[in-house]
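Okay, start.txt now, which holds compact mmCIF, C-alpha atoms and all ligand atoms:
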# COMPACT_ATOMS: atom_id res chain seq x y z
CA MET A 1 -97.53 4.35 78.77
CA ARG A 2 -99.00 2.30 75.97
CA ARG A 3 -97.23 4.43 73.45
CA ALA A 4 -93.92 4.09 75.27
CA ILE A 5 -94.17 0.30 75.15
CA SER A 6 -94.91 0.19 71.47
CA ILE A 7 -92.00 2.48 70.71
CA THR A 8 -89.73 0.22 72.73
CA VAL A 9 -91.08 -2.84 70.93
CA LEU A 10 -90.77 -1.15 67.58
CA SER A 11 -87.21 -0.07 68.12
CA ALA A 12 -86.30 -3.54 69.37
CA LEU A 13 -87.81 -5.00 66.22
CA ALA A 14 -86.01 -2.44 64.09
CA GLY A 15 -82.73 -3.40 65.77
CA LEU A 16 -83.44 -7.06 65.09
CA ALA A 17 -84.33 -6.34 61.48
CA GLN A 18 -81.12 -4.44 61.03
CA ALA A 19 -79.03 -7.18 62.64
CA GLN A 20 -80.50 -9.80 60.32
CA ASP A 21 -80.64 -7.39 57.40
CA THR A 22 -84.24 -8.28 56.58
CA THR A 23 -85.48 -4.69 56.44
CA PRO A 24 -88.48 -4.71 54.11
CA PHE A 25 -87.32 -4.64 50.53
CA ASP A 26 -89.11 -2.56 47.93
CA CYS A 27 -90.23 -4.90 45.15
CA SER A 28 -91.48 -2.15 42.85
CA GLN A 29 -88.97 -1.85 39.98
CA PHE A 30 -86.78 -4.62 41.41
CA LEU A 31 -86.22 -6.00 37.89
CA LYS A 32 -84.66 -2.58 37.12
CA PHE A 33 -82.75 -2.63 40.44
CA GLY A 34 -84.94 0.21 41.68
CA ASN A 35 -83.52 2.37 38.85
CA ASP A 36 -80.39 2.72 40.96
CA ILE A 37 -77.84 0.10 39.95
CA PRO A 38 -74.92 1.38 42.09
CA THR A 39 -77.01 1.38 45.30
CA THR A 40 -78.41 -2.08 44.58
CA LYS A 41 -74.95 -3.36 43.76
CA ALA A 42 -73.52 -1.99 46.99
CA ALA A 43 -76.34 -3.62 48.98
CA PHE A 44 -75.80 -6.89 47.10
CA GLU A 45 -72.07 -6.90 47.77
CA LYS A 46 -72.70 -6.24 51.46
CA ASN A 47 -74.93 -9.28 51.76
CA PRO A 48 -75.38 -11.30 48.56
CA GLU A 49 -77.58 -13.96 50.18
CA THR A 50 -80.04 -11.41 51.57
CA MET A 51 -80.36 -9.71 48.19
CA ALA A 52 -80.86 -13.11 46.49
CA TRP A 53 -83.73 -13.82 48.87
CA ASN A 54 -85.22 -10.36 48.37
CA TRP A 55 -85.31 -10.98 44.63
CA PHE A 56 -86.79 -14.45 45.14
CA VAL A 57 -89.56 -12.99 47.32
CA CYS A 58 -90.30 -10.27 44.72
CA LEU A 59 -90.36 -12.78 41.88
CA ASN A 60 -92.87 -14.86 43.84
CA GLN A 61 -95.30 -12.06 44.58
CA PHE A 62 -98.49 -11.95 42.59
CA SER A 63 -98.01 -10.07 39.35
CA PRO A 64 -99.44 -6.53 39.48
CA THR A 65 -100.59 -6.87 35.85
CA GLN A 66 -101.69 -10.53 35.76
CA ALA A 67 -103.09 -11.06 39.24
CA SER A 68 -103.43 -14.85 39.06
CA ASN A 69 -99.74 -15.40 38.31
CA ARG A 70 -96.52 -14.94 40.25
CA VAL A 71 -94.28 -12.23 38.77
CA TRP A 72 -91.79 -14.77 37.42
CA GLU A 73 -94.54 -16.73 35.68
CA THR A 74 -95.19 -13.75 33.41
CA MET A 75 -91.63 -13.77 32.05
CA LYS A 76 -90.96 -14.88 28.47
CA PRO A 77 -90.34 -18.61 28.03
CA SER A 78 -87.43 -19.43 25.72
CA ASP A 79 -89.63 -21.52 23.41
CA GLN A 80 -91.42 -18.27 22.48
CA VAL A 81 -88.09 -16.60 21.65
CA TYR A 82 -86.07 -19.23 19.76
CA LEU A 83 -88.77 -20.31 17.31
CA PRO A 84 -88.47 -23.57 15.32
CA ASP A 85 -88.29 -21.70 11.99
CA GLY A 86 -85.94 -19.00 13.30
CA ALA A 87 -88.62 -16.33 12.84
CA ALA A 88 -88.67 -13.15 14.92
CA PRO A 89 -90.49 -13.65 18.25
CA GLY A 90 -93.76 -11.89 19.05
CA ALA A 91 -93.97 -9.01 21.52
CA TYR A 92 -92.67 -9.61 25.06
CA ALA A 93 -95.98 -8.83 26.71
CA SER A 94 -98.09 -10.93 24.30
CA PRO A 95 -97.73 -14.50 25.55
CA VAL A 96 -98.41 -17.15 22.92
CA PRO A 97 -101.53 -19.06 24.05
CA PRO A 98 -101.12 -22.82 24.61
CA PRO A 99 -102.30 -25.18 21.84
CA THR A 100 -106.10 -25.59 21.54
CA GLU A 101 -105.88 -29.21 22.71
CA VAL A 102 -104.23 -28.01 25.92
CA ILE A 103 -107.00 -25.46 26.55
CA THR A 104 -109.68 -28.09 25.90
CA GLN A 105 -108.13 -30.52 28.37
CA ALA A 106 -107.54 -27.76 30.91
CA ARG A 107 -111.21 -26.76 30.75
CA THR A 108 -112.28 -30.38 31.32
CA LEU A 109 -109.96 -30.54 34.33
CA GLY A 110 -111.44 -27.34 35.73
CA MET A 111 -108.11 -25.49 35.60
CA ASP A 112 -107.79 -21.69 35.74
CA LEU A 113 -107.63 -20.42 32.17
CA ASN A 114 -106.42 -17.01 33.39
CA ARG A 115 -103.26 -18.50 34.83
CA THR A 116 -100.10 -19.33 32.91
CA PHE A 117 -99.75 -22.82 31.45
CA HIS A 118 -96.02 -23.56 31.50
CA ASN A 119 -94.67 -25.55 28.58
CA ILE A 120 -92.32 -27.92 30.39
CA ASN A 121 -91.05 -29.92 27.46
CA ALA A 122 -87.37 -30.13 28.47
CA THR A 123 -86.06 -33.14 30.40
CA GLN A 124 -82.42 -33.31 29.35
CA GLN A 125 -80.02 -31.56 31.69
CA VAL A 126 -76.75 -29.97 30.64
CA ASP A 127 -74.93 -33.35 30.85
CA GLY A 128 -77.54 -34.96 28.59
CA LEU A 129 -79.11 -36.93 31.44
CA ALA A 130 -82.51 -36.65 33.08
CA LEU A 131 -83.32 -36.51 36.80
CA HIS A 132 -85.89 -39.11 37.77
CA MET A 133 -88.76 -38.97 40.19
CA GLY A 134 -88.92 -41.71 42.81
CA GLY A 135 -89.24 -42.27 46.54
CA ALA A 136 -92.58 -40.93 47.78
CA VAL A 137 -94.06 -40.25 44.32
CA PRO A 138 -97.15 -42.21 43.18
CA ALA A 139 -96.45 -45.40 41.20
CA ALA A 140 -97.57 -43.70 37.98
CA GLN A 141 -94.78 -41.11 38.29
CA LYS A 142 -91.89 -43.37 39.40
CA GLY A 143 -89.01 -43.19 36.95
CA ASN A 144 -90.50 -40.28 35.02
CA PRO A 145 -88.22 -37.28 34.44
CA VAL A 146 -88.23 -33.95 36.26
CA ARG A 147 -89.12 -31.30 33.67
CA PHE A 148 -87.74 -27.83 33.19
CA GLN A 149 -88.07 -24.60 31.26
CA LEU A 150 -86.09 -21.39 30.70
CA LEU A 151 -87.56 -17.91 31.05
CA MET A 152 -86.18 -14.41 30.45
CA GLY A 153 -86.98 -10.86 31.56
CA GLN A 154 -87.93 -8.02 29.24
CA ASP A 155 -84.47 -6.44 28.98
CA THR A 156 -82.88 -9.79 28.11
CA PHE A 157 -85.56 -10.33 25.49
CA ASP A 158 -85.27 -6.82 24.03
CA TYR A 159 -81.51 -7.21 23.65
CA ILE A 160 -81.88 -10.59 21.90
CA VAL A 161 -84.40 -9.05 19.49
CA GLN A 162 -82.34 -5.91 18.92
CA ARG A 163 -79.21 -7.95 18.10
CA GLN A 164 -81.34 -10.45 16.11
CA VAL A 165 -79.67 -13.39 17.82
CA TYR A 166 -82.95 -15.29 18.27
CA ASN A 167 -81.87 -17.27 15.19
CA MET A 168 -78.59 -18.76 13.98
CA ASN A 169 -78.40 -16.36 11.05
CA GLY A 170 -78.11 -13.49 13.53
CA GLN A 171 -75.51 -15.28 15.65
CA ALA A 172 -73.43 -16.11 12.57
CA ALA A 173 -73.61 -12.48 11.45
CA LEU A 174 -72.42 -11.13 14.82
CA PRO A 175 -69.26 -9.05 14.37
CA ASP A 176 -68.14 -9.52 17.99
CA ASN A 177 -69.13 -10.44 21.54
CA LEU A 178 -72.58 -9.89 23.02
CA ASP A 179 -72.98 -7.58 26.00
CA PHE A 180 -76.38 -7.77 27.71
CA PRO A 181 -77.64 -4.78 29.74
CA ALA A 182 -77.22 -4.89 33.55
CA THR A 183 -80.97 -5.30 34.03
CA SER A 184 -81.07 -8.63 32.17
CA TRP A 185 -82.70 -11.49 34.09
CA GLU A 186 -82.98 -15.18 33.33
CA LEU A 187 -84.56 -18.13 35.09
CA LYS A 188 -84.45 -21.89 34.84
CA ALA A 189 -87.27 -23.73 36.62
CA ALA A 190 -87.52 -27.43 37.53
CA TRP A 191 -90.92 -29.08 37.96
CA LEU A 192 -92.24 -32.34 39.40
CA TRP A 193 -95.10 -33.46 37.19
CA ILE A 194 -98.35 -34.07 39.09
CA GLY A 195 -100.98 -34.27 36.36
CA SER A 196 -104.52 -34.45 37.72
CA ASP A 197 -103.82 -36.54 40.86
CA THR A 198 -105.46 -34.36 43.55
CA THR A 199 -104.14 -36.39 46.51
CA TYR A 200 -100.55 -36.11 45.29
CA ARG A 201 -101.06 -32.43 44.54
CA GLN A 202 -102.17 -31.88 48.14
CA THR A 203 -99.19 -33.88 49.47
CA LEU A 204 -96.78 -31.65 47.56
CA ALA A 205 -98.65 -28.49 48.58
CA ASN A 206 -98.35 -29.64 52.22
CA ASP A 207 -94.62 -30.03 51.68
CA GLY A 208 -94.48 -26.39 50.65
CA TYR A 209 -94.21 -26.77 46.88
CA TYR A 210 -95.58 -24.01 44.68
CA ILE A 211 -98.14 -25.64 42.38
CA GLY A 212 -98.32 -24.33 38.82
CA GLN A 213 -100.30 -25.25 35.72
CA ALA A 214 -98.36 -26.93 32.94
CA TYR A 215 -98.34 -29.11 29.86
CA PHE A 216 -95.95 -30.96 27.61
CA GLN A 217 -96.14 -32.71 24.28
CA GLN A 218 -95.62 -36.47 24.13
CA ASP A 219 -93.83 -38.42 21.41
CA ASP A 220 -97.12 -39.26 19.69
CA GLY A 221 -97.94 -35.56 19.39
CA THR A 222 -100.66 -35.50 22.05
CA TYR A 223 -100.44 -33.31 25.15
CA GLN A 224 -100.34 -34.03 28.87
CA VAL A 225 -102.04 -31.23 30.79
CA GLY A 226 -102.14 -30.81 34.55
CA TYR A 227 -100.43 -29.46 37.63
CA ALA A 228 -96.73 -29.43 38.44
CA ALA A 229 -94.75 -28.58 41.57
CA LEU A 230 -91.82 -26.16 41.46
CA SER A 231 -88.81 -28.08 42.80
CA GLY A 232 -85.98 -25.75 41.80
CA LEU A 233 -85.37 -22.27 40.43
CA HIS A 234 -82.18 -20.67 39.11
CA VAL A 235 -82.37 -16.88 39.24
CA VAL A 236 -79.64 -14.89 37.49
CA ASN A 237 -79.15 -11.28 36.47
CA LYS A 238 -76.36 -9.06 35.22
CA LEU A 239 -75.93 -6.77 38.23
CA ASP A 240 -72.28 -7.88 37.99
CA ASP A 241 -70.39 -8.07 34.67
CA ASN A 242 -69.97 -11.84 35.25
CA TRP A 243 -73.65 -12.01 36.16
CA VAL A 244 -75.00 -12.94 39.58
CA TRP A 245 -75.83 -16.63 40.02
CA THR A 246 -78.38 -17.71 42.62
CA THR A 247 -80.31 -20.92 43.02
CA PHE A 248 -83.22 -22.07 45.18
CA GLU A 249 -84.86 -25.40 45.77
CA ASN A 250 -87.50 -27.05 47.90
CA ILE A 251 -86.10 -28.64 51.05
CA ASN A 252 -88.20 -31.80 50.48
CA ASN A 253 -86.78 -32.66 47.05
CA SER A 254 -84.95 -35.74 48.35
CA LYS A 255 -88.35 -37.30 49.09
CA TYR A 256 -89.45 -37.16 45.47
CA THR A 257 -86.33 -37.34 43.28
CA VAL A 258 -83.64 -40.01 43.05
CA THR A 259 -80.12 -40.57 41.74
CA ASN A 260 -79.46 -42.62 38.60
CA ALA A 261 -77.49 -45.24 40.58
CA PRO A 262 -78.42 -48.89 39.80
CA THR A 263 -80.37 -48.84 43.05
CA PRO A 264 -81.67 -45.26 43.10
CA THR A 265 -81.07 -43.32 46.32
CA PRO A 266 -82.63 -39.98 47.38
CA MET A 267 -81.30 -37.01 45.38
CA THR A 268 -79.64 -34.52 47.70
CA ASN A 269 -77.73 -31.29 47.21
CA THR A 270 -74.01 -31.75 47.92
CA THR A 271 -73.03 -28.09 47.33
CA GLY A 272 -75.13 -26.22 49.87
CA PRO A 273 -76.86 -24.43 51.42
CA THR A 274 -73.58 -22.60 51.85
CA PRO A 275 -72.65 -21.42 55.37
CA ALA A 276 -73.53 -17.86 54.31
CA ALA A 277 -76.95 -18.94 53.00
CA LYS A 278 -78.03 -20.89 56.08
CA PRO A 279 -78.88 -18.08 58.54
CA VAL A 280 -80.46 -16.02 55.76
CA ASN A 281 -82.66 -18.99 54.84
CA VAL A 282 -83.87 -19.26 58.42
CA SER A 283 -84.98 -15.64 58.64
CA PHE A 284 -86.61 -15.40 55.20
CA GLN A 285 -88.37 -18.75 55.60
CA ALA A 286 -89.84 -17.46 58.85
CA SER A 287 -91.07 -14.21 57.34
CA ASN A 288 -92.42 -15.70 54.06
CA PRO A 289 -94.85 -18.52 54.90
CA THR A 290 -95.61 -19.40 51.25
CA LEU A 291 -91.88 -19.81 50.53
CA SER A 292 -90.94 -21.38 53.86
CA LYS A 293 -89.96 -24.72 52.31
CA TYR A 294 -87.62 -23.19 49.75
CA GLU A 295 -83.97 -22.57 50.49
CA LEU A 296 -81.24 -20.59 48.83
CA ILE A 297 -78.40 -23.00 48.02
CA GLY A 298 -75.95 -20.20 47.42
CA VAL A 299 -74.80 -17.20 45.41
CA GLU A 300 -71.92 -17.12 42.95
CA TYR A 301 -70.51 -13.98 41.32
CA GLN A 302 -67.14 -12.63 40.24
CA PRO A 303 -64.72 -15.36 39.21
CA VAL A 304 -64.64 -17.42 42.39
CA THR A 305 -63.65 -21.07 42.54
CA GLN A 306 -66.71 -22.66 43.97
CA VAL A 307 -69.08 -25.41 42.99
CA LEU A 308 -72.73 -24.54 43.18
CA ALA A 309 -75.58 -26.65 41.89
CA ASN A 310 -79.28 -27.21 42.16
CA SER A 311 -80.04 -30.87 42.90
CA GLN A 312 -82.91 -30.61 40.42
CA LEU A 313 -80.98 -29.03 37.56
CA GLU A 314 -77.33 -30.11 37.81
CA SER A 315 -78.19 -33.37 39.51
CA ALA A 316 -75.47 -35.80 38.47
CA PHE A 317 -72.59 -33.36 38.02
CA GLN A 318 -72.90 -31.27 41.17
CA ASN A 319 -69.21 -31.81 42.03
CA THR A 320 -68.05 -30.05 38.84
CA SER A 321 -70.85 -27.50 38.56
CA SER A 322 -69.78 -23.88 38.64
CA CYS A 323 -72.51 -21.66 37.22
CA LEU A 324 -70.15 -18.82 36.39
CA ALA A 325 -67.30 -20.92 34.96
CA CYS A 326 -69.55 -22.99 32.72
CA HIS A 327 -71.72 -20.10 31.54
CA GLY A 328 -68.54 -18.10 30.95
CA THR A 329 -67.81 -20.50 28.09
CA ALA A 330 -70.96 -19.48 26.19
CA ALA A 331 -69.47 -18.73 22.79
CA TYR A 332 -70.07 -19.35 19.11
CA SER A 333 -67.68 -19.68 16.21
CA ASN A 334 -68.83 -19.64 12.58
CA ASP A 335 -66.29 -22.41 11.87
CA LYS A 336 -66.40 -24.52 15.01
CA GLY A 337 -69.96 -24.00 16.26
CA TYR A 338 -70.71 -23.62 19.95
CA PHE A 339 -67.86 -23.88 22.44
CA ASN A 340 -67.63 -27.34 24.01
CA PHE A 341 -67.47 -26.99 27.80
CA ALA A 342 -67.20 -30.75 28.38
CA LEU A 343 -63.50 -31.12 29.21
CA LYS A 344 -61.78 -34.47 28.87
CA GLN A 345 -59.92 -35.30 32.07
CA GLY A 346 -58.63 -38.60 33.38
CA GLY A 347 -60.62 -40.61 30.85
CA GLY A 348 -63.87 -38.90 31.86
CA ILE A 349 -65.76 -35.68 31.28
CA VAL A 350 -65.62 -32.73 33.67
CA TYR A 351 -66.96 -29.20 33.47
CA PRO A 352 -64.90 -26.08 34.14
CA THR A 353 -64.92 -24.95 37.77
CA THR A 354 -62.69 -21.93 37.18
CA PRO A 355 -63.08 -19.50 34.29
CA LEU A 356 -61.19 -20.65 31.19
CA PRO A 357 -58.46 -18.33 29.85
CA ALA A 358 -59.43 -15.82 27.16
CA SER A 359 -57.02 -17.56 24.74
CA ASP A 360 -59.36 -20.58 24.67
CA PHE A 361 -61.91 -18.41 22.88
CA ALA A 362 -59.78 -17.23 19.96
CA GLY A 363 -62.04 -17.23 16.91
CA TYR A 364 -65.22 -17.37 19.04
CA LYS A 365 -67.81 -14.67 19.67
CA LYS A 366 -68.67 -14.71 23.35
CA LEU A 367 -72.38 -14.88 24.14
CA ASP A 368 -72.13 -13.12 27.52
CA PHE A 369 -72.89 -16.19 29.69
CA VAL A 370 -76.24 -16.85 27.98
CA TRP A 371 -76.15 -20.52 27.01
CA SER A 372 -79.81 -20.68 26.04
CA LEU A 373 -78.78 -18.95 22.79
CA LYS A 374 -77.79 -22.49 21.77
CA ARG A 375 -81.50 -23.09 21.26
CA ALA A 376 -81.60 -20.74 18.25
CA GLN A 377 -82.50 -22.28 14.87
CA TRP A 378 -81.60 -21.29 11.31
CA GLN A 379 -84.25 -19.17 9.65
CA ARG A 380 -86.01 -21.16 6.96
C1 LIG B 401 -71.64 -27.40 32.85
C2 LIG B 401 -72.26 -26.21 32.38
C3 LIG B 401 -73.31 -25.50 33.22
C4 LIG B 401 -73.34 -25.34 34.58
C5 LIG B 401 -72.35 -25.84 35.61
C6 LIG B 401 -74.52 -24.53 34.86
N1 LIG B 401 -75.18 -24.24 33.71
FE1 LIG B 401 -76.83 -23.08 33.52
N2 LIG B 401 -77.02 -23.63 31.59
C7 LIG B 401 -76.09 -24.35 30.87
C8 LIG B 401 -76.59 -24.59 29.54
C9 LIG B 401 -75.89 -25.34 28.43
C10 LIG B 401 -77.87 -23.97 29.48
C11 LIG B 401 -78.87 -24.00 28.32
C12 LIG B 401 -79.79 -25.17 28.60
C13 LIG B 401 -80.88 -25.39 27.59
O1 LIG B 401 -80.95 -24.69 26.59
O2 LIG B 401 -81.70 -26.27 27.86
C14 LIG B 401 -78.09 -23.35 30.78
C15 LIG B 401 -79.19 -22.59 31.11
C16 LIG B 401 -79.28 -21.81 32.25
C17 LIG B 401 -80.24 -20.75 32.46
C18 LIG B 401 -81.24 -20.26 31.46
C19 LIG B 401 -80.73 -19.02 30.76
C20 LIG B 401 -79.40 -19.15 30.09
O3 LIG B 401 -78.42 -18.53 30.53
O4 LIG B 401 -79.27 -19.88 29.12
C21 LIG B 401 -80.01 -20.27 33.71
C22 LIG B 401 -80.74 -19.12 34.39
C23 LIG B 401 -78.91 -21.02 34.29
N3 LIG B 401 -78.48 -21.96 33.37
C24 LIG B 401 -78.40 -20.82 35.56
C25 LIG B 401 -77.41 -21.62 36.13
C26 LIG B 401 -77.01 -21.57 37.52
C27 LIG B 401 -77.60 -20.62 38.56
C28 LIG B 401 -76.04 -22.51 37.69
C29 LIG B 401 -75.32 -22.90 38.95
C30 LIG B 401 -76.11 -23.18 40.12
C31 LIG B 401 -75.83 -23.14 36.38
N4 LIG B 401 -76.67 -22.57 35.47
C32 LIG B 401 -74.88 -24.13 36.14
C33 LIG B 401 -74.87 -24.79 31.34
C34 LIG B 401 -74.49 -24.82 32.68
Translate the structure of the given file into structure tokens.
Amino acid sequence: MRRAISITVLSALAGLAQAQDTTPFDCSQFLKFGNDIPTTKAAFEKNPETMAWNWFVCLNQFSPTQASNRVWETMKPSDQVYLPDGAAPGAYASPVPPPTEVITQARTLGMDLNRTFHNINATQQVDGLALHMGGAVPAAQKGNPVRFQLLMGQDTFDYIVQRQVYNMNGQAALPDNLDFPATSWELKAAWLWIGSDTTYRQTLANDGYYIGQAYFQQDDGTYQVGYAALSGLHVVNKLDDNWVWTTFENINNSKYTVTNAPTPTPMTNTTGPTPAAKPVNVSFQASNPTLSKYELIGVEYQPVTQVLANSQLESAFQNTSSCLACHGTAAYSNDKGYFNFALKQGGGIVYPTTPLPASDFAGYKKLDFVWSLKRAQWQR
């Protein structure tokens, strides 16, 4: 009798899982698409939003090799790839330790020296503006910028090293377009700075933010060291030739970030969650308590006309933000420099929301959607 009931319950649950397509996903080898690209691609095309969430869950599991970090926190930050002197980067799996001053401060603050310290030095978004903190943030943080960083997976890194495009010399010497392997991954993370304010840290933790350890250098050369809350995460990979574009953010971001209007108002996302993302968010949030306050805004792949933005990363230009169309302009010309994706229209600046024609790139070497290559320096 007992057995009969459990079988009934189990099969009901199995039916439910199938209906919502949340059958447990195997995270082992997910960065390699389970070593079966066609099967993963078929599953992705069947339900892009579910696959995006599966990847997000896998990226946020504890790292099997560095137990105190999430998988994504062990990826290579771009500042360890595009070095200031254009030198070759160190090995993928040998993270560069933070500056001594950061370690000293971290020790004083009682932080975990075995966990990653993210260098979150970037504040300028693609349009040159910063997103400001405001609303429910402590007085000390009001008006300060949201910070971000770029990270890449091993296969992205290996390709950049192999083609020697980590510096400008290598990009100038390129005979033709780049073509990253299908298992290339890249991330862009947005962080609310907390510092050492334990009350604020707890408030953000209660609002479901993932709390990481971080630092950044100030204008006078000294370092700020402390905690930061993950407010947004772009996750992209090359499962599709035009890459697959997904973006997640915390549902409480409008409480802590504001627009740059004369009288700042709460920053919201005007592009999603898309109708397709909504039901998938509900089921994954329910089955992943530590990620329950994050939502998928949407997925973009193939040349589709769609705007998609993260309120934390494309804040002020959400209405002309197409991940695929803008990244599709990533190109370099030895004569003209990097392609300028800021299009003049009606006396203002807009960004492409449909892929630009191939003829626009005559004389350019296409960088296969990877705009961070713009960070490369000349080797001195
Ligand atoms: C108007 C152009 C534009 C739009 C729209 C845009 N990006 Fe980007 N993106 C960039 C640029 C430029 C960089 C490099 C930024 C830097 O070096 O700080 C970048 C960096 C990134 C990176 C880091 C790796 C890389 O490719 O350089 C990821 C991941 C990323 N963007 C994902 C997205 C996603 C997802 C969307 C849509 C939700 C998006 N981007 C929308 C221009 C854009």
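Reported to one decimal place, the separation of atom CA of A:Glu300 from atom C1 of ligand LIG 401 (chain B) is 14.4 Å.
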Place a sphere of radius 9 Å on (-78.7, -9.3, 33.2) in the file coordinates and name every protein, DNA or RNA residue with an atom inside or on its surface, counting all atoms listed in the file; give the answer as a list in words.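 Every polymer residue passing the test: Gly153, Asp155, Thr156, Phe180, Pro181, Ala182, Thr183, Ser184, Trp185, Glu186, Val236, Asn237, Lys238, Leu239, Asp240, Asp241, Trp243 and Val244 of chain A.
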Using all atoms listed in the file, which protein or nucleic acid residues come within 8 Å of A:Thr74? Drop anything in the same chain fewer than 3 positions from it, and give the result as a ChimeraX atom specification. /A:63,66,69-71,116
Mind pulling up the distance from atom CA of A:Cys58 to atom CA of A:Ile103? 29.0 Å
Nearest to A:Leu373 by atom-to-atom distance, counting all atoms listed in the file, from A:Pro175, A:Gly348, A:Pro38, A:Gly170: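 Nearest candidate to A:Leu373 out of A:Pro175, A:Gly348, A:Pro38, A:Gly170: A:Gly170.
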8 Å shell around ligand LIG 401 (chain B) using all atoms listed in the file, listed as a PyMOL selection string: chain A and resi 122+124-127+149-152+185-188+234-236+245-247+298+300+307-310+313-314+317-318+320-327+330+341-342+351-353+369-375
At a cut-off of 12 Å, using only C-alpha atoms, what residues contact A:Ala52? Leave out same-chain residues fewer than 3 positions from it and give the result as a VMD selection string. chain A and resid 22 25 30 40 to 41 43 to 49 55 to 59 233 to 237 239 244 to 248 276 to 277 280 to 281 284 295 to 301
Take the residues just selected and output them with C-alpha atoms as a tab-separated table (two decimals), keeping the file's coordinate frame.
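Contents of the output file selection_22.tsv:
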chain	number	residue	atom	x	y	z
A	22	THR	CA	-84.24	-8.28	56.58
A	25	PHE	CA	-87.32	-4.64	50.53
A	30	PHE	CA	-86.78	-4.62	41.41
A	40	THR	CA	-78.41	-2.08	44.58
A	41	LYS	CA	-74.95	-3.36	43.76
A	43	ALA	CA	-76.34	-3.62	48.98
A	44	PHE	CA	-75.80	-6.89	47.10
A	45	GLU	CA	-72.07	-6.90	47.77
A	46	LYS	CA	-72.70	-6.24	51.46
A	47	ASN	CA	-74.93	-9.28	51.76
A	48	PRO	CA	-75.38	-11.30	48.56
A	49	GLU	CA	-77.58	-13.96	50.18
A	55	TRP	CA	-85.31	-10.98	44.63
A	56	PHE	CA	-86.79	-14.45	45.14
A	57	VAL	CA	-89.56	-12.99	47.32
A	58	CYS	CA	-90.30	-10.27	44.72
A	59	LEU	CA	-90.36	-12.78	41.88
A	233	LEU	CA	-85.37	-22.27	40.43
A	234	HIS	CA	-82.18	-20.67	39.11
A	235	VAL	CA	-82.37	-16.88	39.24
A	236	VAL	CA	-79.64	-14.89	37.49
A	237	ASN	CA	-79.15	-11.28	36.47
A	239	LEU	CA	-75.93	-6.77	38.23
A	244	VAL	CA	-75.00	-12.94	39.58
A	245	TRP	CA	-75.83	-16.63	40.02
A	246	THR	CA	-78.38	-17.71	42.62
A	247	THR	CA	-80.31	-20.92	43.02
A	248	PHE	CA	-83.22	-22.07	45.18
A	276	ALA	CA	-73.53	-17.86	54.31
A	277	ALA	CA	-76.95	-18.94	53.00
A	280	VAL	CA	-80.46	-16.02	55.76
A	281	ASN	CA	-82.66	-18.99	54.84
A	284	PHE	CA	-86.61	-15.40	55.20
A	295	GLU	CA	-83.97	-22.57	50.49
A	296	LEU	CA	-81.24	-20.59	48.83
A	297	ILE	CA	-78.40	-23.00	48.02
A	298	GLY	CA	-75.95	-20.20	47.42
A	299	VAL	CA	-74.80	-17.20	45.41
A	300	GLU	CA	-71.92	-17.12	42.95
A	301	TYR	CA	-70.51	-13.98	41.32
Among the residues A:Asn252, A:Asn167, A:Thr271, A:Gln302, the one that comes closest to A:Arg380 [using all atoms listed in the file]: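 When distances to A:Arg380 are compared using all atoms listed in the file, the smallest one comes from A:Asn167.
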